[in-house]
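J.: Sharing coords30.cif below, mmCIF, C-alpha atoms:
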```
data_query
#
loop_
_atom_site.label_atom_id
_atom_site.label_comp_id
_atom_site.auth_asym_id
_atom_site.auth_seq_id
_atom_site.Cartn_x
_atom_site.Cartn_y
_atom_site.Cartn_z
CA MET A 1 102.91 33.88 61.43
CA VAL A 2 100.74 30.91 62.35
CA ILE A 3 102.55 27.58 62.79
CA ASP A 4 100.83 24.21 62.93
CA ALA A 5 103.09 22.30 65.34
CA HIS A 6 101.73 18.83 64.59
CA LEU A 7 101.27 17.74 60.98
CA HIS A 8 101.64 14.31 59.38
CA LEU A 9 101.96 13.45 55.69
CA TRP A 10 102.28 9.95 54.26
CA ASP A 11 102.35 8.08 50.97
CA ILE A 12 100.97 4.55 51.40
CA GLY A 13 102.12 3.67 47.90
CA ARG A 14 105.69 4.22 49.00
CA LEU A 15 105.77 3.26 52.69
CA ARG A 16 103.83 1.00 55.02
CA TYR A 17 102.24 2.42 58.17
CA GLU A 18 101.05 -0.51 60.27
CA TRP A 19 98.77 1.55 62.50
CA LEU A 20 96.81 2.77 59.47
CA LEU A 21 95.70 -0.82 58.86
CA ARG A 22 93.59 -0.85 62.01
CA PRO A 23 89.82 -0.74 61.37
CA GLU A 24 89.37 2.57 63.20
CA HIS A 25 91.81 4.23 60.78
CA GLN A 26 90.32 2.90 57.56
CA ALA A 27 89.10 6.35 56.49
CA ILE A 28 92.62 7.80 56.53
CA ASN A 29 94.43 4.78 55.10
CA ARG A 30 95.30 6.64 51.93
CA THR A 31 97.98 9.02 50.75
CA PHE A 32 98.02 12.57 52.09
CA GLY A 33 100.59 14.77 50.38
CA PHE A 34 101.90 18.30 50.74
CA GLU A 35 99.41 19.83 48.32
CA ASP A 36 96.55 18.40 50.37
CA PHE A 37 97.95 20.21 53.41
CA ARG A 38 98.73 23.46 51.60
CA GLU A 39 95.16 23.85 50.34
CA ARG A 40 93.69 23.36 53.81
CA ALA A 41 96.29 25.49 55.56
CA ALA A 42 95.77 28.39 53.17
CA ALA A 43 92.03 28.30 53.79
CA ALA A 44 92.61 28.38 57.54
CA GLY A 45 95.28 31.08 57.44
CA VAL A 46 98.03 28.76 58.66
CA ASP A 47 101.42 29.73 57.28
CA ARG A 48 103.83 26.92 58.16
CA ALA A 49 103.93 23.55 59.92
CA VAL A 50 106.13 21.12 61.81
CA LEU A 51 106.08 17.71 60.12
CA VAL A 52 106.03 14.89 62.69
CA GLN A 53 107.02 11.26 62.16
CA ALA A 54 104.29 8.66 61.65
CA ALA A 55 106.41 5.49 61.58
CA ASP A 56 109.40 4.23 63.54
CA ASP A 57 111.71 3.87 60.57
CA ALA A 58 114.33 5.84 58.67
CA GLU A 59 112.32 5.69 55.45
CA ASP A 60 109.55 7.82 56.93
CA THR A 61 112.15 10.32 58.13
CA ALA A 62 113.71 10.49 54.66
CA ALA A 63 110.31 11.06 53.06
CA MET A 64 109.55 13.92 55.46
CA PHE A 65 112.83 15.67 54.70
CA GLU A 66 112.17 15.38 50.96
CA ILE A 67 108.96 17.32 51.49
CA ALA A 68 110.56 19.80 53.89
CA ASP A 69 113.48 20.48 51.55
CA ALA A 70 111.07 21.21 48.70
CA HIS A 71 108.63 23.45 50.56
CA TRP A 72 109.29 26.52 52.69
CA GLU A 73 105.96 25.99 54.42
CA ILE A 74 107.41 23.01 56.30
CA ALA A 75 109.35 24.77 59.03
CA GLY A 76 110.75 21.71 60.80
CA VAL A 77 110.81 17.93 60.95
CA VAL A 78 110.39 15.80 64.08
CA ALA A 79 112.22 12.68 62.99
CA TRP A 80 112.82 9.17 64.33
CA VAL A 81 115.93 7.49 65.64
CA PRO A 82 116.02 4.13 67.48
CA LEU A 83 116.31 5.41 71.04
CA ASP A 84 116.59 1.82 72.29
CA GLN A 85 119.71 1.32 70.14
CA PRO A 86 122.01 4.11 71.37
CA GLU A 87 124.87 3.47 68.94
CA ARG A 88 122.60 3.60 65.91
CA ALA A 89 120.76 6.55 67.41
CA ALA A 90 124.03 8.46 67.83
CA GLU A 91 124.99 7.84 64.20
CA GLN A 92 121.60 8.98 62.92
CA LEU A 93 121.57 12.04 65.17
CA ASP A 94 124.94 13.06 63.75
CA GLN A 95 123.47 12.86 60.25
CA LEU A 96 120.28 14.68 61.18
CA SER A 97 122.14 17.49 62.91
CA GLY A 98 123.41 18.62 59.52
CA ARG A 99 119.89 19.20 58.21
CA SER A 100 118.64 22.76 58.61
CA LYS A 101 115.04 21.76 59.34
CA PHE A 102 115.76 19.02 61.87
CA ALA A 103 113.60 19.95 64.86
CA GLY A 104 113.33 16.99 67.23
CA ILE A 105 112.81 13.27 67.79
CA ARG A 106 109.74 11.15 68.38
CA ASN A 107 109.16 7.41 68.83
CA LEU A 108 105.75 5.73 68.76
CA ILE A 109 105.98 4.72 72.40
CA HIS A 110 102.22 4.08 72.56
CA ASP A 111 102.67 1.18 70.11
CA GLN A 112 105.33 -0.49 72.25
CA PRO A 113 104.14 -3.63 74.08
CA ASP A 114 105.95 -2.38 77.19
CA PRO A 115 104.14 0.67 78.63
CA ASP A 116 107.33 1.48 80.55
CA TRP A 117 109.47 1.48 77.40
CA LEU A 118 110.66 5.05 78.01
CA LEU A 119 112.16 4.03 81.36
CA ARG A 120 114.25 1.15 80.03
CA PRO A 121 118.04 1.53 80.44
CA ASP A 122 118.73 1.18 76.71
CA VAL A 123 116.17 3.86 75.90
CA GLY A 124 117.63 5.96 78.69
CA ALA A 125 120.97 5.94 76.91
CA GLY A 126 119.20 7.26 73.82
CA LEU A 127 117.44 9.96 75.81
CA ALA A 128 120.78 11.00 77.29
CA LEU A 129 121.99 11.58 73.73
CA LEU A 130 119.07 13.92 73.10
CA GLU A 131 119.75 15.76 76.34
CA SER A 132 123.43 16.18 75.52
CA ALA A 133 122.71 17.45 72.00
CA ASP A 134 119.78 19.65 73.15
CA VAL A 135 117.41 17.84 70.81
CA PRO A 136 113.78 17.99 72.05
CA LEU A 137 111.58 14.92 72.46
CA ASP A 138 107.93 14.61 71.47
CA VAL A 139 106.19 12.36 74.01
CA VAL A 140 103.24 10.42 72.58
CA SER A 141 101.41 10.11 75.87
CA VAL A 142 98.33 7.93 75.39
CA LEU A 143 98.13 5.87 78.57
CA PRO A 144 98.18 7.49 82.02
CA ARG A 145 101.34 5.50 82.57
CA HIS A 146 103.03 7.31 79.69
CA LEU A 147 102.23 10.67 81.24
CA SER A 148 103.45 9.51 84.64
CA HIS A 149 106.89 8.98 83.11
CA VAL A 150 107.38 12.65 82.23
CA PRO A 151 108.31 13.79 85.79
CA VAL A 152 110.62 10.76 86.09
CA LEU A 153 112.40 11.72 82.88
CA SER A 154 112.58 15.31 84.09
CA GLU A 155 114.56 14.12 87.11
CA ARG A 156 116.79 11.72 85.20
CA TYR A 157 117.55 14.13 82.33
CA PRO A 158 117.11 17.65 83.74
CA ALA A 159 118.23 19.39 80.55
CA LEU A 160 115.99 17.33 78.24
CA ARG A 161 113.27 19.41 76.63
CA MET A 162 109.98 17.57 76.09
CA VAL A 163 106.62 18.35 74.54
CA ILE A 164 103.54 16.31 75.41
CA ASP A 165 101.61 15.56 72.23
CA HIS A 166 97.85 16.16 72.22
CA LEU A 167 97.89 17.38 75.84
CA SER A 168 98.06 13.65 76.69
CA GLN A 169 94.51 13.08 75.46
CA PRO A 170 92.48 14.71 78.26
CA PRO A 171 89.14 13.14 79.29
CA ILE A 172 86.97 15.36 77.10
CA GLY A 173 83.29 14.76 77.73
CA ARG A 174 83.84 13.06 81.08
CA ALA A 175 83.07 14.52 84.49
CA ASP A 176 86.02 12.84 86.20
CA TRP A 177 89.33 14.35 85.09
CA GLU A 178 91.49 11.98 87.08
CA PRO A 179 94.14 10.67 86.78
CA TRP A 180 94.84 13.04 83.87
CA ARG A 181 94.48 16.22 85.96
CA THR A 182 97.05 15.12 88.55
CA LEU A 183 99.47 13.62 86.05
CA ILE A 184 99.49 16.61 83.68
CA SER A 185 99.92 18.92 86.68
CA ASP A 186 102.96 16.94 87.82
CA ALA A 187 104.43 16.99 84.31
CA ALA A 188 103.95 20.76 83.98
CA ARG A 189 106.10 21.51 87.01
CA ASN A 190 109.20 21.16 84.85
CA PRO A 191 109.62 24.45 82.93
CA ARG A 192 111.33 22.51 80.13
CA VAL A 193 108.12 20.59 79.42
CA CYS A 194 105.67 22.00 76.88
CA ALA A 195 102.41 20.65 75.50
CA LYS A 196 100.52 20.65 72.21
CA LEU A 197 96.93 21.77 71.91
CA SER A 198 96.29 19.12 69.29
CA GLY A 199 94.21 15.98 69.00
CA LEU A 200 91.72 17.47 71.46
CA TYR A 201 88.54 15.63 70.59
CA PRO A 202 86.72 12.53 71.79
CA ASP A 203 87.01 9.78 69.19
CA GLY A 204 83.87 9.11 67.24
CA VAL A 205 81.89 11.90 68.91
CA ASP A 206 80.71 15.17 67.44
CA TRP A 207 82.64 17.88 69.25
CA SER A 208 82.94 21.62 69.48
CA GLY A 209 85.20 24.26 70.95
CA ALA A 210 82.97 24.31 74.02
CA ASP A 211 83.92 20.69 74.76
CA VAL A 212 87.61 21.52 74.53
CA ARG A 213 87.65 24.91 76.24
CA PRO A 214 87.87 23.72 79.91
CA PHE A 215 90.95 21.66 79.12
CA VAL A 216 92.66 24.43 77.18
CA GLU A 217 91.97 26.86 80.01
CA PHE A 218 93.34 24.38 82.55
CA ALA A 219 96.44 23.89 80.39
CA LEU A 220 96.95 27.65 80.23
CA GLU A 221 96.90 27.76 84.03
CA LEU A 222 99.46 24.96 84.27
CA PHE A 223 101.86 25.76 81.44
CA GLY A 224 101.18 29.33 80.43
CA ALA A 225 100.82 30.28 76.77
CA ASP A 226 104.58 30.33 76.29
CA ARG A 227 104.67 26.55 76.79
CA LEU A 228 101.65 25.65 74.67
CA MET A 229 101.44 25.27 70.89
CA PHE A 230 98.64 24.72 68.41
CA GLY A 231 98.67 21.58 66.27
CA SER A 232 96.11 20.22 63.79
CA ASP A 233 97.02 16.54 64.12
CA TRP A 234 96.07 16.36 60.46
CA PRO A 235 95.28 14.08 58.66
CA VAL A 236 94.34 12.03 61.74
CA SER A 237 91.85 14.81 62.48
CA GLU A 238 90.03 13.87 59.27
CA LEU A 239 88.36 11.27 61.47
CA VAL A 240 86.63 14.02 63.46
CA GLY A 241 85.84 16.73 60.96
CA GLY A 242 89.10 17.62 59.23
CA TYR A 243 91.48 20.56 59.18
CA ALA A 244 88.84 23.26 58.75
CA LYS A 245 86.81 22.10 61.73
CA VAL A 246 89.82 21.76 64.03
CA TRP A 247 90.96 25.26 63.13
CA ALA A 248 87.50 26.80 63.41
CA GLU A 249 86.70 25.27 66.80
CA LEU A 250 90.08 25.95 68.39
CA SER A 251 90.07 29.48 66.99
CA LYS A 252 86.97 30.21 69.05
CA ILE A 253 89.16 29.66 72.10
CA PHE A 254 92.34 31.29 70.77
CA ASP A 255 90.47 34.43 69.73
CA GLN A 256 89.66 35.11 73.39
CA LEU A 257 93.31 35.05 74.46
CA SER A 258 95.35 38.20 74.80
CA ALA A 259 97.40 39.19 71.77
CA THR A 260 100.59 38.01 73.50
CA GLU A 261 99.10 34.66 74.48
CA ARG A 262 97.64 34.07 71.04
CA ALA A 263 100.95 34.86 69.35
CA ALA A 264 102.69 32.32 71.59
CA VAL A 265 100.20 29.49 71.10
CA LEU A 266 99.92 30.06 67.34
CA GLY A 267 103.60 30.19 66.58
CA GLY A 268 105.94 31.68 69.14
CA THR A 269 106.14 28.63 71.40
CA ALA A 270 106.74 26.24 68.50
CA ARG A 271 109.34 28.53 66.98
CA GLY A 272 111.31 28.70 70.21
CA PHE A 273 110.92 25.09 71.33
CA TYR A 274 111.90 23.60 67.99
CA ALA A 275 114.40 26.38 67.13
CA LEU A 276 112.68 26.94 63.79
CA ALA A 277 114.37 29.11 61.21
CA GLU A 278 112.43 32.03 59.75
#
```
The structure in this file should be written as structure tokens.
T.:
Amino acid sequence: MVIDAHLHLWDIGRLRYEWLLRPEHQAINRTFGFEDFRERAAAAGVDRAVLVQAADDAEDTAAMFEIADAHWEIAGVVAWVPLDQPERAAEQLDQLSGRSKFAGIRNLIHDQPDPDWLLRPDVGAGLALLESADVPLDVVSVLPRHLSHVPVLSERYPALRMVIDHLSQPPIGRADWEPWRTLISDAARNPRVCAKLSGLYPDGVDWSGADVRPFVEFALELFGADRLMFGSDWPVSELVGGYAKVWAELSKIFDQLSATERAAVLGGTARGFYALAE
């Protein structure tokens, strides 16, 4: 079974997504629903997906669970709680824990004015809640500073399981891999940290599997296949070719893995990390 570990869906007629209003996102500032995903996934041979939050609000979480509850193909939901408001976060986590497809928590840390937001004491109290409840955290690591926080969080919350979204946007197309190479290597030392092979393309540039391959191979050396998971980052990936292209180009790399490695990257890692039901 192939699992897409990073899918978004949104209805702009129902909810407002501020980041979609930016000029660079104009092409995807429209509604993308479940049927849009199902058609593309079926063509690619993808069976199920993890639906990941796209706004820091409870309304987006509620909309995702409506879709997940109606469709078996949505295996899990990475929701939002206000990590910087521990009391509210605790209440919402209690409610979410009763939902069978609740898979994890994510906040849009890259949209926070403070690049050190994850290290704030109030956020730390929220992260401690996740650690105590064994709820994994998706880390939207965009700046090098975001990635540098992962080893710090590993020390502060040793039982907290984290997954680095989009492999922390490696420097695809650039000769100099620093500081990404050092920072991702430091983050990978914690066996509880995984990473997503998603969003692996240079913005606004035609790309291919050959551009991505060195970074996937490096990630395999660092994490091993059992800590890596495929994600489409759709519909954001519409900006660089769409679902079919992402699947086709990454498949060129995945097809050269061993059967065990391929099974892990294309479903096994996501199933274990997010505790997805069959």
J.: Identify all residues satisfying the PyMOL selection byres ((chain A and resi 6) around 6) in the given file; provide them as a list in words.
T.: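 When the PyMOL selection byres ((chain A and resi 6) around 6) is applied to the shown file, the picked residues are Asp4, Ala5, Leu7, Val50, Gly231, Ser232 and Asp233 of chain A.
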J.: Could you jot down the CA of Ala248 in chain A to CA of Val2 in chain A separation for me, Å, one decimal place?
T.: 13.9 Å
J.: Do you know which residues the PyMOL selection byres ((chain A and resi 102-118) around 7) returns on this file, as a list of chain:residue names?
T.: A:Gln53, A:Asp56, A:Gly76, A:Val77, A:Val78, A:Ala79, A:Trp80, A:Val81, A:Leu96, A:Ser97, A:Arg99, A:Ser100, A:Lys101, A:Leu119, A:Arg120, A:Val123, A:Val135, A:Pro136, A:Leu137, A:Asp138, A:Val139, A:Val140, A:Ser141, A:Val142, A:Arg145, A:His146, A:Tyr274, A:Ala275
J.: Have a look at A:Arg38, A:His166, A:Arg14, A:Arg227 and name the one nearest to Leu197 in chain A; count only C-alpha atoms.
T.: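 Closest to Leu197 in chain A, using only C-alpha atoms: A:His166.
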J.: Using all atoms listed in the file for the distances, tell me which of A:Glu59, A:Arg88, A:Ser154, A:Leu51 is nearest to Glu73 in chain A.
T.: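 Of all the options, A:Leu51 lies closest to Glu73 in chain A.
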J.: So, with all atoms listed in the file as the atoms that count, which of A:Ala225, A:Ala244, A:Ile253, A:Ala188 lies closest to Gly209 in chain A?
T.: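 For Gly209 in chain A, the nearest of the given residues is A:Ile253.
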J.: Counting all atoms listed in the file, which residues have an atom no more than 12 Å from (103.8, 32.9, 71.0) in the file's coordinates? Please list them as number ranges by chain.
T.: A: 1-3, 224-230, 254, 257-273
J.: Going by the chain IDs and residue numbers used in this file, which residues fall under the PyMOL selection byres ((chain A and resi 152) around 12)? Write them as number ranges by chain.
T.: A: 116, 118-120, 124, 145-151, 153-158, 160, 183, 186-187, 189-190
J.: Let me make sure I understand: among A:Ala128, A:Leu200, A:Ala43, A:Thr61, which one has the smallest atom-to-atom distance to Leu15 in chain A if we use all atoms listed in the file?
T.: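 Answer, going by the shortest atom-to-atom distance: A:Thr61.
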J.: Rank A:Ala277, A:Ala27, A:Leu20, A:Ala41 by their smallest atom-to-atom distance to Val246 in chain A, using only C-alpha atoms, and report the top residue only.
T.: A:Ala41
J.: Distance CA of Ala89 in chain A-CA of Leu143 in chain A, one decimal place?
T.: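 Distance reported for this atom pair: 25.2 Å.
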J.: CA of Ile164 in chain A to CA of Gly199 in chain A: how many Å, to one decimal?
T.: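 These two atoms are separated by 11.3 Å.
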J.: When distances are computed from only C-alpha atoms, which of A:Tyr17, A:Phe32, A:Trp247, A:Phe65 shows the smallest separation from Gly98 in chain A?
T.: A:Phe65
J.: Mind giving me the axis-aligned box for range 118-124 of chain A with 3 Å on every side, centre plus edges in Å to one decimal, as lines of an AutoDock Vina configuration file?
T.:
```
center_x = 114.7
center_y = 3.6
center_z = 78.6
size_x = 14.1
size_y = 10.8
size_z = 11.5
```
J.: Restore N, CA, C and O atoms in range 83-105 of chain A and list the result as a CSV table (one decimal), in the coordinates of the input.
T.:
```
chain,number,residue,atom,x,y,z
A,83,LEU,N,115.8,5.0,69.7
A,83,LEU,CA,116.3,5.4,71.0
A,83,LEU,C,116.8,4.2,71.9
A,83,LEU,O,117.6,4.3,72.8
A,84,ASP,N,116.2,3.0,71.5
A,84,ASP,CA,116.6,1.8,72.3
A,84,ASP,C,117.8,1.2,71.7
A,84,ASP,O,118.3,0.1,72.2
A,85,GLN,N,118.4,1.8,70.7
A,85,GLN,CA,119.7,1.3,70.1
A,85,GLN,C,120.7,2.5,70.1
A,85,GLN,O,120.8,3.2,69.1
A,86,PRO,N,121.3,2.8,71.2
A,86,PRO,CA,122.0,4.1,71.4
A,86,PRO,C,123.1,4.3,70.3
A,86,PRO,O,123.3,5.5,69.9
A,87,GLU,N,123.8,3.3,69.9
A,87,GLU,CA,124.9,3.5,68.9
A,87,GLU,C,124.3,3.9,67.6
A,87,GLU,O,124.8,4.8,67.0
A,88,ARG,N,123.2,3.2,67.2
A,88,ARG,CA,122.6,3.6,65.9
A,88,ARG,C,122.0,5.0,66.0
A,88,ARG,O,122.0,5.8,65.1
A,89,ALA,N,121.4,5.2,67.2
A,89,ALA,CA,120.8,6.6,67.4
A,89,ALA,C,121.8,7.7,67.3
A,89,ALA,O,121.5,8.7,66.7
A,90,ALA,N,123.0,7.4,67.9
A,90,ALA,CA,124.0,8.5,67.8
A,90,ALA,C,124.5,8.7,66.4
A,90,ALA,O,124.7,9.9,66.0
A,91,GLU,N,124.6,7.7,65.6
A,91,GLU,CA,125.0,7.8,64.2
A,91,GLU,C,123.9,8.6,63.4
A,91,GLU,O,124.3,9.6,62.7
A,92,GLN,N,122.7,8.3,63.6
A,92,GLN,CA,121.6,9.0,62.9
A,92,GLN,C,121.4,10.4,63.4
A,92,GLN,O,121.1,11.3,62.6
A,93,LEU,N,121.6,10.7,64.7
A,93,LEU,CA,121.6,12.0,65.2
A,93,LEU,C,122.7,12.9,64.6
A,93,LEU,O,122.5,14.1,64.2
A,94,ASP,N,123.8,12.3,64.4
A,94,ASP,CA,124.9,13.1,63.8
A,94,ASP,C,124.5,13.5,62.3
A,94,ASP,O,124.8,14.6,61.9
A,95,GLN,N,123.9,12.6,61.6
A,95,GLN,CA,123.5,12.9,60.2
A,95,GLN,C,122.4,13.9,60.2
A,95,GLN,O,122.4,14.9,59.4
A,96,LEU,N,121.4,13.8,61.1
A,96,LEU,CA,120.3,14.7,61.2
A,96,LEU,C,120.7,16.1,61.6
A,96,LEU,O,120.1,17.1,61.1
A,97,SER,N,121.7,16.2,62.4
A,97,SER,CA,122.1,17.5,62.9
A,97,SER,C,122.6,18.4,61.8
A,97,SER,O,122.7,19.6,61.9
A,98,GLY,N,123.0,17.8,60.7
A,98,GLY,CA,123.4,18.6,59.5
A,98,GLY,C,122.3,19.1,58.7
A,98,GLY,O,122.5,19.9,57.7
A,99,ARG,N,121.0,18.8,59.0
A,99,ARG,CA,119.9,19.2,58.2
A,99,ARG,C,119.3,20.4,58.9
A,99,ARG,O,119.0,20.4,60.0
A,100,SER,N,119.1,21.5,58.1
A,100,SER,CA,118.6,22.8,58.6
A,100,SER,C,117.3,22.7,59.2
A,100,SER,O,117.0,23.5,60.2
A,101,LYS,N,116.4,21.8,58.8
A,101,LYS,CA,115.0,21.8,59.3
A,101,LYS,C,114.8,20.6,60.4
A,101,LYS,O,113.7,20.4,60.8
A,102,PHE,N,115.9,20.0,60.8
A,102,PHE,CA,115.8,19.0,61.9
A,102,PHE,C,115.3,19.7,63.2
A,102,PHE,O,116.0,20.6,63.6
A,103,ALA,N,114.2,19.2,63.7
A,103,ALA,CA,113.6,20.0,64.9
A,103,ALA,C,113.5,19.1,66.1
A,103,ALA,O,113.5,19.7,67.2
A,104,GLY,N,113.5,17.8,66.0
A,104,GLY,CA,113.3,17.0,67.2
A,104,GLY,C,113.2,15.5,66.9
A,104,GLY,O,113.3,15.1,65.7
A,105,ILE,N,112.9,14.7,67.9
A,105,ILE,CA,112.8,13.3,67.8
A,105,ILE,C,111.5,12.8,68.4
A,105,ILE,O,111.1,13.3,69.5
```
